[in-house]
Structures are given as C-alpha cells and as structure tokens.
Amino acid sequence: MSTVAQDTALAADAAPSAAVRKTRPFVWSVRRELWENRSIFIAPAVTAGIVLFGMLLGAMNVPHPGVIVVTSLDAKDQAMAAQIPFDGAAAIIMVASFVVGFFYCLGALYGERRDRTILFWKSLPVSDLTTVLAKATVPLVVLPLVTYVVILATHLVLLLASTLILPSTGLPATLLWRQFPLLRTWSVLALLLACASLWYAPVWGWLFLISGWARRVTILWAIGPPLALDIFERLAFHTHYVGELIAYRLNGGLTQLFGTKLDARGSVTIDTDHLDPARFFASPGLWIGLLVAAGLFVAVVWQRRYRSPF
Amino acid sequence: MLPRWIKVSQAVDYVAGVHPRFDRAKAEAFLAKTQIKRTSRVPELSKGMVTQLHLALVMAIDAKLLVLNEPTLGLDILFRKSFYDSLLNDYFDHTRTIVVTTHQVEEVQHILTDLMFIDRGRIVLNTSMEAFEDRYVEVMVMPDQADAARALNPIYERQVFGRSLFLFDSVDRGRLAALGEVRTPSIADLFVAVIGADQAAAEPQRAAA
C-alpha cells in the first residue's frame, strides 16, 4: 500500500508543474468497494439480527424439563451447554459472511466490466495492481473484521439478554457468567477468522480470475469446471482426487487448526480444546494455497491490465 | 461512464483522493453553477446533469492534454454554449491542449485552432483553422455563372434555392468573387465534401483539435 502511494508521488514529482497533492489511491479504492458493496456490512448484521431474534424468542420459552436438565449437569457440561448458542450464532454469521465474500468476489471485476464503469475507473491514475489489491482486501481483511465485530456485538447482546431472561426461567444468571469463557471464545474466534482468511485466499483468487474473465454467468464458470472435472474423474477413472482436493480446500483449514476429522456424514465438528495453530501454520496446504493465491492474483492484475474488458 | 451507485459527493471525494492534479475547489465551483445536489446518486440525475458532473470532474484536473469525446452529448443548447465558454475562459490557457472529438461540428467551429477529419481511422484532413480559411472558399453562384464555376474544379456542388453552392480548394479568391457571393464554408459542408465525395457509405467520425 505504501509503495503504491509512493510510486504515485514519485511519478507526480517527475512532472514539472505546481499544484500536486498527495493521494492515497489504495485507501480510496477500498473505500470505493465499501460504498459500492454495502452488503459487506448489511448481510452479516442482518443475519446477526435474525439469529438474535430467533434465539431470544426461543429463550423466552425454555421448557421446564430443559431447565432441570441444565441445572443437573456438572460444571464442564454446563459450560458446554452455555457455549452452544454463542458458537451457533458465530457459525451462522460466519457462513453468511462466506456467502457475501463468495458473491463479492464473483462480482468484483465482473460488475465494472458489465456496466462499463471500468472505463471511468481506468481513466483515473489508479493502477490495476492497486485496484486488484484493494478489491482483494475486502474478502481477505475487511470481511473477516466485519464478521468479528458483528459476532462480538451479537455475543454481548446474547449475554445481556440471557442475564435478564435466565432468572425468570429458574436458572441463575451467575451460572452463565461463571461458566462462559468469554475471552477464550473471542480469542479463538479471532484466530479462526484470521486462519480462514489465509486458507480461503486461493478460493477468492479463483473467483476473482473468473470475475475478470467470464462474459456472463460468472457463477457457472466458477463452479462448473471444478465440478465437471470431479464428475469426469469419477466416471472415467473411478477415483476422486479432484473432489478430495476441493473438499480439502473447503474444510481442510478447520481440520488443520482444530485437529478434527470429517465424520461419516461429511460435517465438521470443532473442538476448541484441540486447537493447534502451530499445525495449521506448518501445514503445506496453507502455504501451497497462498502460493496458488498469489499466482491467481498476479493473473488477475495482468488480465485487468492487458485483456479487453468486454 | 460514471457508476450508478456513486453519489455526487462520493465521486468528488474519490477523484480528489486518487488524482494528484485534481483541484477540488474548481470542481465544487463548477458544480455550484448547476442544479446538481451533492447527495444525489447518478441514476437520479438527468442525462445532462451526468455530463455536467463528468465535466466538473474532468475540468478540475490540471492536465496538459485534455481529450473530450462528444462532450456535449445530451446537453441542452444553453448548457452547450456555457460549456464551451467555460472551457475557453476557465480552462484553456495556451499551455494546454484540448482535443474534442465530436459530431456536433457546428458548435466548435469558432473555437478551434486546428481541424482534423478522420475517416475510418485514416486522417483525411489535417489543417490549422487559418489555413482552412485561406484554402477553402464557398461561393453562391447564379445559374448563368454555374458553368464558369464548374470550370474552376470545385470539390463540391449543391443546389440551394435555384442557385448553386460551390466549394473550392485553393482557388484564388479574386477570381471566385467575380462569380458570386464568397464566404468561408462551414466545417460541416467541408466534411460532406471531403469525406462524402470519397465514400458515401463510410462510417465517418470527425475530429477537431
């Protein structure tokens, strides 16, 4: 980011004229993305609102047997029971953010080509590298941050509401505050979001490439070829390396971070007790993924620079 | 093409944020002369207002070379006039070059320094306006003089109210004055003569500098 700003400043210095102002193309390019794509904020926030609404509605009607079950549990299980709505809310909001990220990336370079505003953007002294980096910042940095803040806010509302509601159901509110590992949850969450951002970088890179390349129906071009390759492999060779590769990219990060395995139904269970960041950062999958992502983003920049946008 | 989602204030902010030679005060002053609201988004503006906004952004950029492609498309006559006036008075200062490519040649004829015709990517005419005025002459000729005029090899001829209009290239004004009323042709007429004569079915594009 600083290099880009510097380049501009240098280029401007070279020209012999008076009024030259300092510019921040990267910052303004990110701002432009946020102006254009307000769903980055709205979708996670709305999802959080719906989740909260649903949970509070549910909490009002905690059945009496449920209360008895919880109070009869030992401390460790109580903690787990208290944790469930918090983890559930976080998971749902993260899924919503992932969906937002998916569609943002598909449209990131396609939108400006479709409505021809790329002509306007390219007429300004903002390089293709700066533009693509600014766009890539959205799924890699902005969206995880937004997700984190929204989840934290949701957790706070949940805590507050639970404190108010629990006594009326016969459960002591102190139970929640005593058993709920707030700081640990929030730390794990931060780590999880940071790791997911790195792990999914090649996915975003792939979507960017398609977004800058496809003439229409970007979603088909993004999903179709990998899927077709998978089906072809299964039919022709009766193997499923492609499918495994895709599944590894979608779930492998969690597996590396938490040491969990996919169960028979294909769903992942997260056990924060087995959290192992060292294994995650030592896994070849992460670094190969980052290399692939770097290559993809280079291709994306090249494509925006040299290929006809229409 | 301005993006549909952008607000007027955002467009100004953005260009100010990325362009080292953008003079925000100039853009604001230009916008102040229009009906454009800062909080409006592009789709809420009329076609003319979008052009005005575009011009406000462009004219506030201190550039050695300004290329305007069909700048007055969609603007009403009042604004076209004031646009070219402000282009000359506020922007042009003899260190700058402004290239206007347009099909509305009538409205730029009097502000040009140089003129260029381009036909399907080929430059078919490239002249300064002084040379243009020296070189091309239009003569209104009564029917009885028409044959004499034709003998001088006009590059173009058309009939107007029973008289003939001839366009001459590099013919002595004194000799032409004897035939009828002499005047400088409009760029539009010359364009028809130069390009129309060459190929009627062409896809012409005019460029004037």
# chains A, B, ... in the order shown; residues from 1 in each chain; ligands from 1

call {"tool": "closest_atom_pairs", "arguments": {"of": "chain B", "to": "chain A", "cutoff": "7 Å", "atoms": "only C-alpha atoms", "output": "Markdown table"}}
result
| residue | atom | partner | partner_atom | distance |
| --- | --- | --- | --- | --- |
| B:Met1 | CA | A:Thr117 | CA | 5.1 |
| B:Leu2 | CA | A:Thr117 | CA | 5.9 |
| B:Pro3 | CA | A:Thr117 | CA | 5.5 |
| B:Trp5 | CA | A:Glu36 | CA | 6.3 |
| B:Tyr14 | CA | A:Trp28 | CA | 6.2 |
| B:Gly17 | CA | A:Thr23 | CA | 5.4 |
| B:Val18 | CA | A:Pro25 | CA | 4.6 |
| B:His19 | CA | A:Pro125 | CA | 6.2 |
| B:Pro20 | CA | A:Arg21 | CA | 4.7 |
| B:Arg21 | CA | A:Val20 | CA | 5.4 |

call {"tool": "write_last_selection", "arguments": {"atoms": "N, CA and C atoms", "output": "CSV table (one decimal), in the first residue's frame"}}
result
chain,number,residue,atom,x,y,z
B,1,MET,N,-18.4,6.9,-18.4
B,1,MET,CA,-19.4,6.2,-17.6
B,1,MET,C,-19.2,6.3,-16.1
B,2,LEU,N,-20.1,7.0,-15.5
B,2,LEU,CA,-20.0,7.1,-14.0
B,2,LEU,C,-20.8,5.9,-13.4
B,3,PRO,N,-20.3,5.3,-12.4
B,3,PRO,CA,-21.0,4.2,-11.8
B,3,PRO,C,-22.4,4.6,-11.2
B,5,TRP,N,-24.1,3.6,-8.7
B,5,TRP,CA,-24.3,3.7,-7.2
B,5,TRP,C,-23.6,4.9,-6.6
B,14,TYR,N,-13.7,10.8,-4.3
B,14,TYR,CA,-12.9,9.8,-4.8
B,14,TYR,C,-11.8,10.3,-5.7
B,17,GLY,N,-9.3,12.0,-4.0
B,17,GLY,CA,-8.4,11.1,-3.2
B,17,GLY,C,-7.4,10.4,-4.1
B,18,VAL,N,-7.6,10.3,-5.4
B,18,VAL,CA,-6.7,9.5,-6.2
B,18,VAL,C,-5.9,10.3,-7.2
B,19,HIS,N,-6.5,11.5,-7.5
B,19,HIS,CA,-5.8,12.3,-8.6
B,19,HIS,C,-4.9,13.4,-8.0
B,20,PRO,N,-3.6,13.3,-8.3
B,20,PRO,CA,-2.7,14.4,-7.7
B,20,PRO,C,-3.0,15.8,-8.3
B,21,ARG,N,-3.6,15.8,-9.4
B,21,ARG,CA,-3.8,17.2,-10.1
B,21,ARG,C,-5.2,17.6,-10.1

call {"tool": "residues_around", "arguments": {"residues": "Leu31 of chain B", "least_positions_apart": "2", "cutoff": "10 Å", "atoms": "only C-alpha atoms", "output": "ChimeraX atom specification"}}
result
/B:8,25-29,33-38,49,52-53,55-57

call {"tool": "write_last_selection", "arguments": {"atoms": "N, CA and C atoms", "output": "tab-separated table (two decimals), in the first residue's frame"}}
result
chain	number	residue	atom	x	y	z
B	8	VAL	N	-22.86	12.09	-5.81
B	8	VAL	CA	-22.07	13.20	-6.35
B	8	VAL	C	-20.90	13.50	-5.41
B	25	ALA	N	-11.64	22.61	-5.29
B	25	ALA	CA	-12.39	23.88	-5.25
B	25	ALA	C	-12.98	24.20	-6.62
B	26	LYS	N	-12.19	23.90	-7.67
B	26	LYS	CA	-12.66	24.16	-9.03
B	26	LYS	C	-13.88	23.32	-9.35
B	27	ALA	N	-13.82	22.03	-8.99
B	27	ALA	CA	-14.94	21.13	-9.24
B	27	ALA	C	-16.19	21.59	-8.48
B	28	GLU	N	-15.98	22.00	-7.22
B	28	GLU	CA	-17.10	22.46	-6.40
B	28	GLU	C	-17.73	23.71	-7.02
B	29	ALA	N	-16.86	24.63	-7.50
B	29	ALA	CA	-17.36	25.86	-8.09
B	29	ALA	C	-18.18	25.56	-9.34
B	33	LYS	N	-22.64	25.92	-10.01
B	33	LYS	CA	-23.38	26.60	-11.08
B	33	LYS	C	-24.49	25.74	-11.64
B	34	THR	N	-24.55	24.48	-11.23
B	34	THR	CA	-25.56	23.57	-11.78
B	34	THR	C	-26.64	23.29	-10.74
B	35	GLN	N	-27.62	22.50	-11.15
B	35	GLN	CA	-28.73	22.14	-10.25
B	35	GLN	C	-28.43	20.86	-9.48
B	36	ILE	N	-27.19	20.35	-9.63
B	36	ILE	CA	-26.88	19.03	-9.08
B	36	ILE	C	-26.78	19.07	-7.55
B	37	LYS	N	-27.49	18.14	-6.90
B	37	LYS	CA	-27.40	18.03	-5.44
B	37	LYS	C	-26.28	17.08	-5.08
B	38	ARG	N	-25.56	17.39	-4.01
B	38	ARG	CA	-24.40	16.57	-3.63
B	38	ARG	C	-24.81	15.18	-3.17
B	49	MET	N	-27.23	16.40	-16.53
B	49	MET	CA	-26.55	16.58	-15.23
B	49	MET	C	-25.37	15.61	-15.09
B	52	GLN	N	-22.68	17.10	-16.92
B	52	GLN	CA	-22.16	18.23	-16.14
B	52	GLN	C	-21.23	17.76	-15.03
B	53	LEU	N	-21.67	16.70	-14.34
B	53	LEU	CA	-20.86	16.16	-13.25
B	53	LEU	C	-19.53	15.65	-13.79
B	55	LEU	N	-18.02	16.59	-16.47
B	55	LEU	CA	-17.18	17.72	-16.88
B	55	LEU	C	-16.59	18.43	-15.67
B	56	ALA	N	-17.39	18.53	-14.61
B	56	ALA	CA	-16.89	19.18	-13.39
B	56	ALA	C	-15.65	18.44	-12.89
B	57	LEU	N	-15.72	17.10	-12.97
B	57	LEU	CA	-14.57	16.31	-12.50
B	57	LEU	C	-13.38	16.48	-13.44

call {"tool": "select_by_dssp", "arguments": {"residues": "segment 8-199 of chain B", "states": "strand (DSSP E or B)", "output": "PyMOL selection string"}}
result
chain B and resi 22+41+61+65-69+97-101+114-119+122-128+136-141+156-160+163-169+180-183

call {"tool": "atom_distance", "arguments": {"atom1": "atom CA of Phe98 of chain A", "atom2": "atom CA of Ser39 of chain A"}}
result
12.0 Å

call {"tool": "closest_residue", "arguments": {"among": "B:Val100, B:Met142, B:Val12, B:Ile195", "to": "Val67 of chain B", "atoms": "only C-alpha atoms"}}
result
B:Val100

call {"tool": "residues_around", "arguments": {"residues": "Ser40 of chain B", "least_positions_apart": "5", "cutoff": "9 Å", "atoms": "only C-alpha atoms", "output": "PyMOL selection string"}}
result
chain B and resi 6-9+45
